[in-house]
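K.L.:
What follows is a single structure, and I will ask about it in a moment.
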Number of protein chains: 4
Amino acid sequence: MTHITVWNEFLHEKDEKIAAVYPHGIHSVIAGFLQKETDFTVGTATLEEAGHGLTDDVLEKTDVLIWWGHIAHGRVSDDVVEKIHKRVLNGMGLIVLHSGHKSKIFMKLMGTTCDLRWREDDENMRLWTIEPSHPIAQGIPDNIEIEADEMYGERFDIPAPDALVFTGWFKGGEVFRSGCCFTRGAGKIFYFQPGHETYPIYKYELIQKIIVNAVRWARSERRAPSGNNPEGQSAPMEKVDWPK
Amino acid sequence: MTHITVWNEFLHEKDEKIAAVYPHGIHSVIAGFLQKETDFTVGTATLEEAGHGLTDDVLEKTDVLIWWGHIAHGRVSDDVVEKIHKRVLNGMGLIVLHSGHKSKIFMKLMGTTCDLRWREDDENMRLWTIEPSHPIAQGIPDNIEIEADEMYGERFDIPAPDALVFTGWFKGGEVFRSGCCFTRGAGKIFYFQPGHETYPIYKYELIQKIIVNAVRWARSERRAPSGNNPEGQSAPMEKVDWPK
Amino acid sequence: MTHITVWNEFLHEKDEKIAAVYPHGIHSVIAGFLQKETDFTVGTATLEEAGHGLTDDVLEKTDVLIWWGHIAHGRVSDDVVEKIHKRVLNGMGLIVLHSGHKSKIFMKLMGTTCDLRWREDDENMRLWTIEPSHPIAQGIPDNIEIEADEMYGERFDIPAPDALVFTGWFKGGEVFRSGCCFTRGAGKIFYFQPGHETYPIYKYELIQKIIVNAVRWARSERRAPSGNNPEGQSAPMEKVDWPK
Amino acid sequence: MTHITVWNEFLHEKDEKIAAVYPHGIHSVIAGFLQKETDFTVGTATLEEAGHGLTDDVLEKTDVLIWWGHIAHGRVSDDVVEKIHKRVLNGMGLIVLHSGHKSKIFMKLMGTTCDLRWREDDENMRLWTIEPSHPIAQGIPDNIEIEADEMYGERFDIPAPDALVFTGWFKGGEVFRSGCCFTRGAGKIFYFQPGHETYPIYKYELIQKIIVNAVRWARSERRAPSGNNPEGQSAPMEKVDWPK
């Protein structure tokens with residue numbers, strides 16, 4: 001079994017127009033399709049809950065955390081970010097969606113600004129599969145058409161990803177590394193661009209399949225970030241005394 | 001011309017035993033061999049100078065910063081770290097030596113703990129060239145023998161490097177990714193393992209050649225981390241209106 | 001279910017000393033531990049069978065091919081190599097063991113000489129885990145000690161792997177990229193160094209676990225190497241006519 | 001000094017329409033702008049010369065080979081391809097332009113089909129800079145607009161490049177990894193997509209700058225692909241006898 005926590009800022013959905021697309025919040029839609037997988041258990045957490053809903057207990061039992069945030073990145077407490085960071089380095093998977101590129105946790109893990117270009121203009125986009133053999137691309141066609149999304153364009157200020165699974169094309173003239181895999185410590189991280197709050201993109205079957213695949217890919221064994229002592233400090237190691 | 005600033009913690013050298021190896025500080029030895037290159041100008045800076053010797057002016061004119069620190073990483077001010085971080089993302093090269101793996105600036109750029117195994121036991125090590133065509137390996141033989149160094153062993157908790165130029169072998173039974181290249185923003189970063197304060201490793205000709213090569217590799221054009229507006233915020237972009 | 005074909009040159013085992021280690025051939029030992037996995041079915045094939053045992057039917061149903069060869073790489077027919085190559089690019093996984101580094105199929109997929117250093121001297125080796133979160137490293141400790149193996153040393157003339165999972169340490173002074181992942185077309189390839197014919201290395205539980213993990217990692221969907229026409233030629237594509 | 005050989009198939013230019021764009025051949029235009037660099041010497045070679053103009057002497061003195069071919073890849077002799085391959089692995093740089101993606105030498109070095117999608121339709125394209133700090137991107141803006149080019153689209157069946165420097169956008173709905181770096185043996189390889197024979201793309205100043213940058217990046221020291229003996233066989237190495 002894989003336990004997933006879907007975190008959502010859950011502020012946009014107070015707006016009538018956005019509530020029309022996601023009446024119970026983006027997290028409910030995401031949790032909904034994840035729950036259909038028989039090897040997944042799913043919880044949710046949101047910004048305005050105590051501790052943003054991410055208590056030590058919740059983080060400890062979470063195998064993969066999904067993150068959606070946009071207008072209130074600054075309101076996420078540094079303490080919680082610190083705890084998530086440590087938990088990722090110890091093996092929790094992390095899937096960062098869309099505007100989560102500017103979340104504190106993603107920037108901290110990347111070490112860069114994670115800036116990009118953007119434009120809201122109801123633009124067509126196409127998601128191209130660059131690595132067809134990657135676990136996250138299993139069952140995904142050569143390309144997926146999305147009728148309208150916010151444009152996200154290069155240069156996306158991230159470290160070169162370990163694997164570039166998808167690249168996005170936008171009608172207005174931009175490209176974007178839309179599906180990127182990273183490993184940090186013992187944790188696996190997937191950034192996935194589609195999904196503005198004003199579009200029902202998380203209701204698309206193929207987008208859901210990508211996120212399900214990403215959860216399976218991101219889940220890994222729990223282990224300390226290195227073979228060091230419990231304080232996280234580097235520890236001296238005995239020299240080998242081989243039998244011969 | 002390339003302007004280099006060599007930063008050293010400069011605390012170890014107060015110890016008699018270490019002063020015997022580096023009487024004027026590790027930075028003086030490093031600055032010394034760099035100054036022989038006719039296209040380099042070199043300055044130094046140390047922890048106990050005002051602002052750690054890294055004023056805005058110094059950082060602004062520095063093309064490549066070399067970092068040596070060990071026992072006082074915590075005494076480097078967060079403000080200075082923030083400024084270095086920004087300057088790296090805007091194109092300043094950074095060469096992190098040996099125990100600088102636990103410096104604030106390196107951990108911030110990597111997003112991981114940068115922990116490793118270690119042992120002080122006057123051990124032989126061998127540095128193996130893994131990517132012979134890399135600019136940093138130009139003129140470097142298949143392997144370099146170092147009579148005694150501190151052992152640094154895997155797992156080294158870093159993101160997978162963009163290029164693995166050297167791997168170290170230690171007599172006691174360990175291996176280490178001893179020469180690693182990273183790009184963050186518009187800045188290029190080289191981590192290089194050899195060089196404990198009690199060994200005269202920076203006086204070895206081949207080690208000096210590697211550091212000189214690394215400076216040339218790390219130097220790049222200054223540019224903003226992405227094509228965004230001066231505040232560093234993502235900026236909307238005009239849609240293309242092609243002539244035809 | 002995953003169908004695995006274990007291919008072995010099966011010439012060394014005619015020698016009495018080697019037959020003492022692998023009386024029914026290296027392939028029998030490998031097939032033996034793979035068959036214990038309930039989601040695997042396993043077949044074997046050897047050099048001196050007709051078509052080296054790799055008929056079109058066998059290749060078509062094989063999800064992952066394991067390759068062990070050493071002294072008769074040149075006797076593998078170019079036609080069979082061509083068919084394996086095509087099948088890998090269309091999604092068959094390939095695990096190349098030890099001296100298979102000089103097999104025609106591995107060199108063809110890598111595009112390089114795949115040369116390395118070697119020495120037969122009953123040397124201790126240690127296998128270090130470099131990427132603990134990689135699927136192939138699940139359940140594998142920080143390092144594995146092997147009492148005696150042939151030394152394989154850098155520089156190993158391969159393209160930089162997509163992931164470096166294990167690095168080997170040899171008592172005589174060498175290091176080696178012992179566990180390397182590559183993707184070519186839609187096929188995933190794992191090269192794994194331990195395993196000389198004179199040592200019972202494939203009988204070690206942890207080595208077996210690595211190979212089982214590698215099979216699961218290398219298995220992927222079958223798909224054409226790109227979205228092109230059946231002849232493998234690039235095909236023209238219709239321009240997008242978006243609805244709006 | 002860097003000696004460059006510009007190789008061109010030189011068949012298209014017999015066609016009147018194409019001769020109007022490149023009257024003395026594509027190679028002449030490329031050689032022309034390269035010759036303006038004071039540290040470059042330049043020669044040319046074409047398909048219909050004896051040995052395709054690539055004698056042992058020419059290859060031996062060439063530091064970087066530039067390759068343009070399209071309709072006659074099959075007419076390049078396997079012997080010459082073999083010699084180029086060996087020379088690249090020993091340190092010669094290789095720049096493969098546009099339709100050279102299906103040349104024998106590029107496919108041999110990549111190990112894959114190098115297939116892609118394409119469409120001739122006078123389409124606008126934009127070249128986006130993905131790695132602004134890469135030597136090949138020095139002096140290149142965030143994006144370059146090209147009024148008309150042949151469309152090349154993903155999936156491009158290549159191994160994941162060591163660095164992805166440029167990504168192309170095409171008006172019709174496709175994206176492409178347009179500027180890709182690879183290392184094979186001691187040789188550095190750059191694939192660059194723009195440049196169909198019917199468009200004057202090699203006359204654009206920024207395209208020329210990219211190719212000049214690529215030559216400087218691809219040039220490296222000559223060295224054997226590994227530390228092995230002249231027969232290309234792996235050679236035993238003396239075990240270390242450390243002084244202590």
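Letters A, B, ... mark the chains of the structure tokens in the order given; residue numbers begin at 1 per chain; ligand numbers begin at 1, in order shown.
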Can you list, as a PyMOL selection string, every protein, DNA or RNA residue that comes within 6 Å of region 139-153 of chain C when you count only C-alpha atoms, leaving out same-chain residues fewer than 6 positions away?
P.N.:
chain C and resi 116-120+122-129+174-176
K.L.:
Include all heavy atoms and write out the residues we just selected as a compact mmCIF listing (two decimals), in the first residue's frame.
P.N.:
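selection_22.txt was written with the following content:
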```txt
# COMPACT_ATOMS: atom_id res chain seq x y z
N LEU C 116 37.72 -1.29 -20.77
CA LEU C 116 37.94 -1.02 -19.35
C LEU C 116 39.28 -1.65 -18.97
O LEU C 116 39.94 -2.30 -19.78
CB LEU C 116 36.80 -1.64 -18.52
CG LEU C 116 36.37 -3.10 -18.83
CD1 LEU C 116 37.34 -4.13 -18.31
CD2 LEU C 116 34.99 -3.34 -18.26
N ARG C 117 39.73 -1.44 -17.77
CA ARG C 117 40.90 -2.13 -17.22
C ARG C 117 40.43 -3.39 -16.51
O ARG C 117 39.32 -3.41 -15.98
CB ARG C 117 41.60 -1.27 -16.16
CG ARG C 117 42.21 -0.02 -16.67
CD ARG C 117 42.50 0.91 -15.50
NE ARG C 117 42.86 2.21 -15.99
CZ ARG C 117 44.10 2.56 -16.29
NH1 ARG C 117 45.09 1.71 -16.10
NH2 ARG C 117 44.36 3.77 -16.76
N TRP C 118 41.32 -4.40 -16.42
CA TRP C 118 40.93 -5.59 -15.68
C TRP C 118 42.17 -6.28 -15.14
O TRP C 118 43.29 -6.04 -15.60
CB TRP C 118 40.13 -6.55 -16.56
CG TRP C 118 40.85 -6.98 -17.80
CD1 TRP C 118 40.88 -6.32 -18.98
CD2 TRP C 118 41.66 -8.14 -17.95
NE1 TRP C 118 41.66 -6.98 -19.88
CE2 TRP C 118 42.15 -8.13 -19.28
CE3 TRP C 118 42.01 -9.20 -17.12
CZ2 TRP C 118 42.98 -9.12 -19.78
CZ3 TRP C 118 42.84 -10.20 -17.61
CH2 TRP C 118 43.31 -10.16 -18.94
N ARG C 119 41.95 -7.13 -14.13
CA ARG C 119 43.04 -7.90 -13.53
C ARG C 119 42.42 -9.07 -12.77
O ARG C 119 41.49 -8.88 -12.00
CB ARG C 119 43.84 -7.01 -12.57
CG ARG C 119 44.97 -7.72 -11.81
CD ARG C 119 45.73 -6.73 -10.92
NE ARG C 119 44.85 -6.11 -9.97
CZ ARG C 119 44.68 -4.79 -9.87
NH1 ARG C 119 45.36 -3.95 -10.61
NH2 ARG C 119 43.82 -4.32 -8.99
N GLU C 120 42.94 -10.25 -13.03
CA GLU C 120 42.44 -11.43 -12.30
C GLU C 120 43.40 -11.69 -11.16
O GLU C 120 44.54 -12.08 -11.37
CB GLU C 120 42.38 -12.65 -13.22
CG GLU C 120 41.30 -12.53 -14.28
CD GLU C 120 41.07 -13.84 -15.00
OE1 GLU C 120 40.38 -14.71 -14.44
OE2 GLU C 120 41.59 -14.00 -16.11
N ASP C 122 41.95 -12.50 -7.61
CA ASP C 122 41.17 -12.85 -6.40
C ASP C 122 41.07 -11.69 -5.43
O ASP C 122 41.36 -11.82 -4.23
CB ASP C 122 41.85 -14.02 -5.66
CG ASP C 122 41.52 -15.36 -6.32
OD1 ASP C 122 40.64 -15.39 -7.20
OD2 ASP C 122 42.16 -16.36 -5.96
N GLU C 123 40.64 -10.57 -5.95
CA GLU C 123 40.66 -9.37 -5.13
C GLU C 123 39.34 -9.13 -4.41
O GLU C 123 38.27 -9.33 -4.96
CB GLU C 123 40.91 -8.15 -6.02
CG GLU C 123 42.31 -7.64 -5.92
CD GLU C 123 42.59 -6.68 -7.04
OE1 GLU C 123 42.82 -7.12 -8.17
OE2 GLU C 123 42.58 -5.48 -6.75
N ASN C 124 39.43 -8.59 -3.21
CA ASN C 124 38.24 -8.11 -2.51
C ASN C 124 37.65 -6.98 -3.29
O ASN C 124 38.37 -6.15 -3.82
CB ASN C 124 38.59 -7.53 -1.14
CG ASN C 124 39.42 -8.46 -0.29
OD1 ASN C 124 40.54 -8.11 0.06
ND2 ASN C 124 38.89 -9.61 0.02
N MET C 125 36.33 -6.91 -3.32
CA MET C 125 35.68 -5.70 -3.84
C MET C 125 34.52 -5.32 -2.93
O MET C 125 34.03 -6.14 -2.15
CB MET C 125 35.22 -5.87 -5.28
CG MET C 125 33.91 -6.60 -5.48
SD MET C 125 33.19 -6.26 -7.13
CE MET C 125 32.63 -4.55 -6.96
N ARG C 126 34.16 -4.06 -3.03
CA ARG C 126 33.00 -3.55 -2.31
C ARG C 126 32.12 -2.81 -3.32
O ARG C 126 32.62 -2.02 -4.12
CB ARG C 126 33.45 -2.53 -1.27
CG ARG C 126 33.37 -3.05 0.12
CD ARG C 126 33.56 -1.92 1.09
NE ARG C 126 33.54 -2.41 2.45
CZ ARG C 126 33.85 -1.68 3.50
NH1 ARG C 126 34.27 -0.43 3.34
NH2 ARG C 126 33.78 -2.18 4.71
N LEU C 127 30.84 -3.07 -3.23
CA LEU C 127 29.88 -2.41 -4.11
C LEU C 127 29.18 -1.36 -3.27
O LEU C 127 28.54 -1.69 -2.27
CB LEU C 127 28.88 -3.48 -4.59
CG LEU C 127 28.07 -3.19 -5.81
CD1 LEU C 127 28.95 -3.08 -7.04
CD2 LEU C 127 27.05 -4.32 -6.01
N TRP C 128 29.32 -0.09 -3.65
CA TRP C 128 28.70 1.00 -2.90
C TRP C 128 27.42 1.46 -3.58
O TRP C 128 27.40 1.67 -4.80
CB TRP C 128 29.67 2.18 -2.78
CG TRP C 128 30.77 1.92 -1.80
CD1 TRP C 128 32.00 1.41 -2.06
CD2 TRP C 128 30.73 2.16 -0.39
NE1 TRP C 128 32.73 1.30 -0.90
CE2 TRP C 128 31.97 1.76 0.14
CE3 TRP C 128 29.76 2.67 0.48
CZ2 TRP C 128 32.27 1.87 1.50
CZ3 TRP C 128 30.05 2.77 1.83
CH2 TRP C 128 31.29 2.36 2.33
N THR C 129 26.39 1.68 -2.80
CA THR C 129 25.12 2.21 -3.32
C THR C 129 25.22 3.72 -3.45
O THR C 129 25.41 4.41 -2.44
CB THR C 129 23.95 1.82 -2.38
OG1 THR C 129 23.90 0.41 -2.28
CG2 THR C 129 22.63 2.36 -2.90
N GLU C 174 41.51 0.38 -7.70
CA GLU C 174 40.64 0.89 -8.76
C GLU C 174 39.21 1.14 -8.28
O GLU C 174 38.78 0.59 -7.27
CB GLU C 174 40.60 -0.10 -9.94
CG GLU C 174 41.90 -0.19 -10.71
CD GLU C 174 42.90 -1.11 -10.03
OE1 GLU C 174 42.49 -1.85 -9.08
OE2 GLU C 174 44.07 -1.11 -10.43
N VAL C 175 38.51 1.93 -9.07
CA VAL C 175 37.08 2.15 -8.89
C VAL C 175 36.40 1.80 -10.21
O VAL C 175 37.05 1.77 -11.26
CB VAL C 175 36.75 3.62 -8.54
CG1 VAL C 175 37.38 4.00 -7.19
CG2 VAL C 175 37.21 4.57 -9.64
N PHE C 176 35.07 1.58 -10.16
CA PHE C 176 34.36 1.22 -11.38
C PHE C 176 32.88 1.58 -11.24
O PHE C 176 32.29 1.40 -10.17
CB PHE C 176 34.49 -0.30 -11.64
CG PHE C 176 34.10 -0.70 -13.03
CD1 PHE C 176 34.88 -0.33 -14.11
CD2 PHE C 176 32.95 -1.44 -13.28
CE1 PHE C 176 34.54 -0.69 -15.41
CE2 PHE C 176 32.60 -1.81 -14.57
CZ PHE C 176 33.39 -1.44 -15.63
```
K.L.:
Enumerate as a PyMOL selection string all residues of region 67-241 of chain B assigned to helix (DSSP H, G or I) by DSSP on the backbone, naming them with the chain letters and numbers the document uses.
P.N.:
chain B and resi 73-75+78-89+98-102+104-110+135-137+201-203+205-218
K.L.:
Those residues with C-alpha atoms, as a tab-separated table (two decimals), in the first residue's frame please?
P.N.:
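Dumped everything to result_28.tsv:
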```tsv
chain	number	residue	atom	x	y	z
B	73	HIS	CA	30.29	27.01	8.61
B	74	GLY	CA	27.72	28.25	11.14
B	75	ARG	CA	29.54	31.54	11.60
B	78	ASP	CA	22.91	34.15	6.33
B	79	ASP	CA	22.89	37.53	4.61
B	80	VAL	CA	26.21	36.88	2.94
B	81	VAL	CA	25.06	33.40	1.94
B	82	GLU	CA	21.93	34.91	0.41
B	83	LYS	CA	24.03	37.34	-1.63
B	84	ILE	CA	26.41	34.65	-2.85
B	85	HIS	CA	23.45	32.45	-3.78
B	86	LYS	CA	21.90	35.21	-5.87
B	87	ARG	CA	25.22	36.00	-7.51
B	88	VAL	CA	25.78	32.33	-8.46
B	89	LEU	CA	22.30	32.10	-10.00
B	98	HIS	CA	36.90	19.54	0.37
B	99	SER	CA	35.10	20.25	3.68
B	100	GLY	CA	33.15	23.05	1.98
B	101	HIS	CA	30.61	20.29	1.28
B	102	LYS	CA	28.85	21.31	4.54
B	104	LYS	CA	25.72	26.91	3.94
B	105	ILE	CA	26.11	28.07	0.35
B	106	PHE	CA	26.74	24.57	-1.04
B	107	MET	CA	23.86	23.00	0.89
B	108	LYS	CA	21.55	25.81	-0.21
B	109	LEU	CA	22.47	25.32	-3.85
B	110	MET	CA	22.17	21.54	-3.68
B	135	PRO	CA	37.38	20.68	-19.83
B	136	ILE	CA	38.33	20.14	-16.17
B	137	ALA	CA	40.20	16.92	-17.07
B	201	ILE	CA	47.56	18.78	-1.41
B	202	TYR	CA	47.04	22.24	-2.89
B	203	LYS	CA	50.76	22.35	-3.56
B	205	GLU	CA	50.95	20.47	-9.57
B	206	LEU	CA	48.13	18.28	-10.95
B	207	ILE	CA	45.69	19.37	-8.25
B	208	GLN	CA	46.54	22.96	-9.14
B	209	LYS	CA	45.93	22.22	-12.83
B	210	ILE	CA	42.48	20.79	-12.01
B	211	ILE	CA	41.56	23.94	-10.06
B	212	VAL	CA	42.83	26.19	-12.86
B	213	ASN	CA	40.80	24.17	-15.38
B	214	ALA	CA	37.76	24.37	-13.10
B	215	VAL	CA	38.01	28.17	-12.96
B	216	ARG	CA	38.04	28.38	-16.78
B	217	TRP	CA	35.09	25.97	-16.98
B	218	ALA	CA	33.06	27.76	-14.29
```
K.L.:
Please report, as a PyMOL selection string, each residue of chain B to which DSSP assigns strand (DSSP E) when run on this structure's backbone.
P.N.:
chain B and resi 2-8+40-46+64-68+93-97+117-129+143-153+163-170+174-184+187-192
K.L.:
Residues of chain B within 6 Å of chain D, using only C-alpha atoms, as a VMD selection string?
P.N.:
chain B and resid 132 to 133 186
K.L.:
Which residues, written as a PyMOL selection string, have at least one atom at most 9 Å from region 54-61 of chain D, with only C-alpha atoms counted and residues fewer than 2 positions away on the same chain left out?
P.N.:
chain D and resi 3-5+7+43+45-46+49-52+63+65+80+83-84+87+92
K.L.:
Please report the interatomic distance between CA of Phe170 (chain A) and CA of Gly195 (chain A) in Å with one decimal.
P.N.:
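Calculated distance between CA of Phe170 (chain A) and CA of Gly195 (chain A) is 13.9 Å.
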K.L.:
If we count only C-alpha atoms, what is near region 25-34 of chain C at a cut-off of 6 Å, once residues fewer than 6 positions away on the same chain are taken out, given as an MDAnalysis selection string?
P.N.:
chainID C and resid 6 8 13
K.L.:
Kindly save the residues from that selection, with N, CA, C and O atoms included, as a PDB file, in the first residue's frame.
P.N.:
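Contents of the output file again-v5.pdb:
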```pdb
ATOM      1  N   VAL C   6      17.188 -15.711 -20.188  1.00  0.00           N
ATOM      2  CA  VAL C   6      18.570 -15.615 -19.699  1.00  0.00           C
ATOM      3  C   VAL C   6      19.482 -16.220 -20.755  1.00  0.00           C
ATOM      4  O   VAL C   6      19.404 -17.427 -21.036  1.00  0.00           O
ATOM      5  N   ASN C   8      23.236 -17.179 -22.109  1.00  0.00           N
ATOM      6  CA  ASN C   8      24.600 -17.447 -21.642  1.00  0.00           C
ATOM      7  C   ASN C   8      25.412 -18.033 -22.787  1.00  0.00           C
ATOM      8  O   ASN C   8      24.928 -18.878 -23.547  1.00  0.00           O
ATOM      9  N   GLU C  13      31.858 -23.177 -18.924  1.00  0.00           N
ATOM     10  CA  GLU C  13      31.446 -24.220 -17.998  1.00  0.00           C
ATOM     11  C   GLU C  13      31.903 -25.608 -18.440  1.00  0.00           C
ATOM     12  O   GLU C  13      31.722 -26.589 -17.725  1.00  0.00           O
TER      13      GLU C  13
END
```
K.L.:
One decimal, in Å: what's the spacing between CA of Val96 (chain B) and CA of Gly168 (chain C)?
P.N.:
25.2 Å
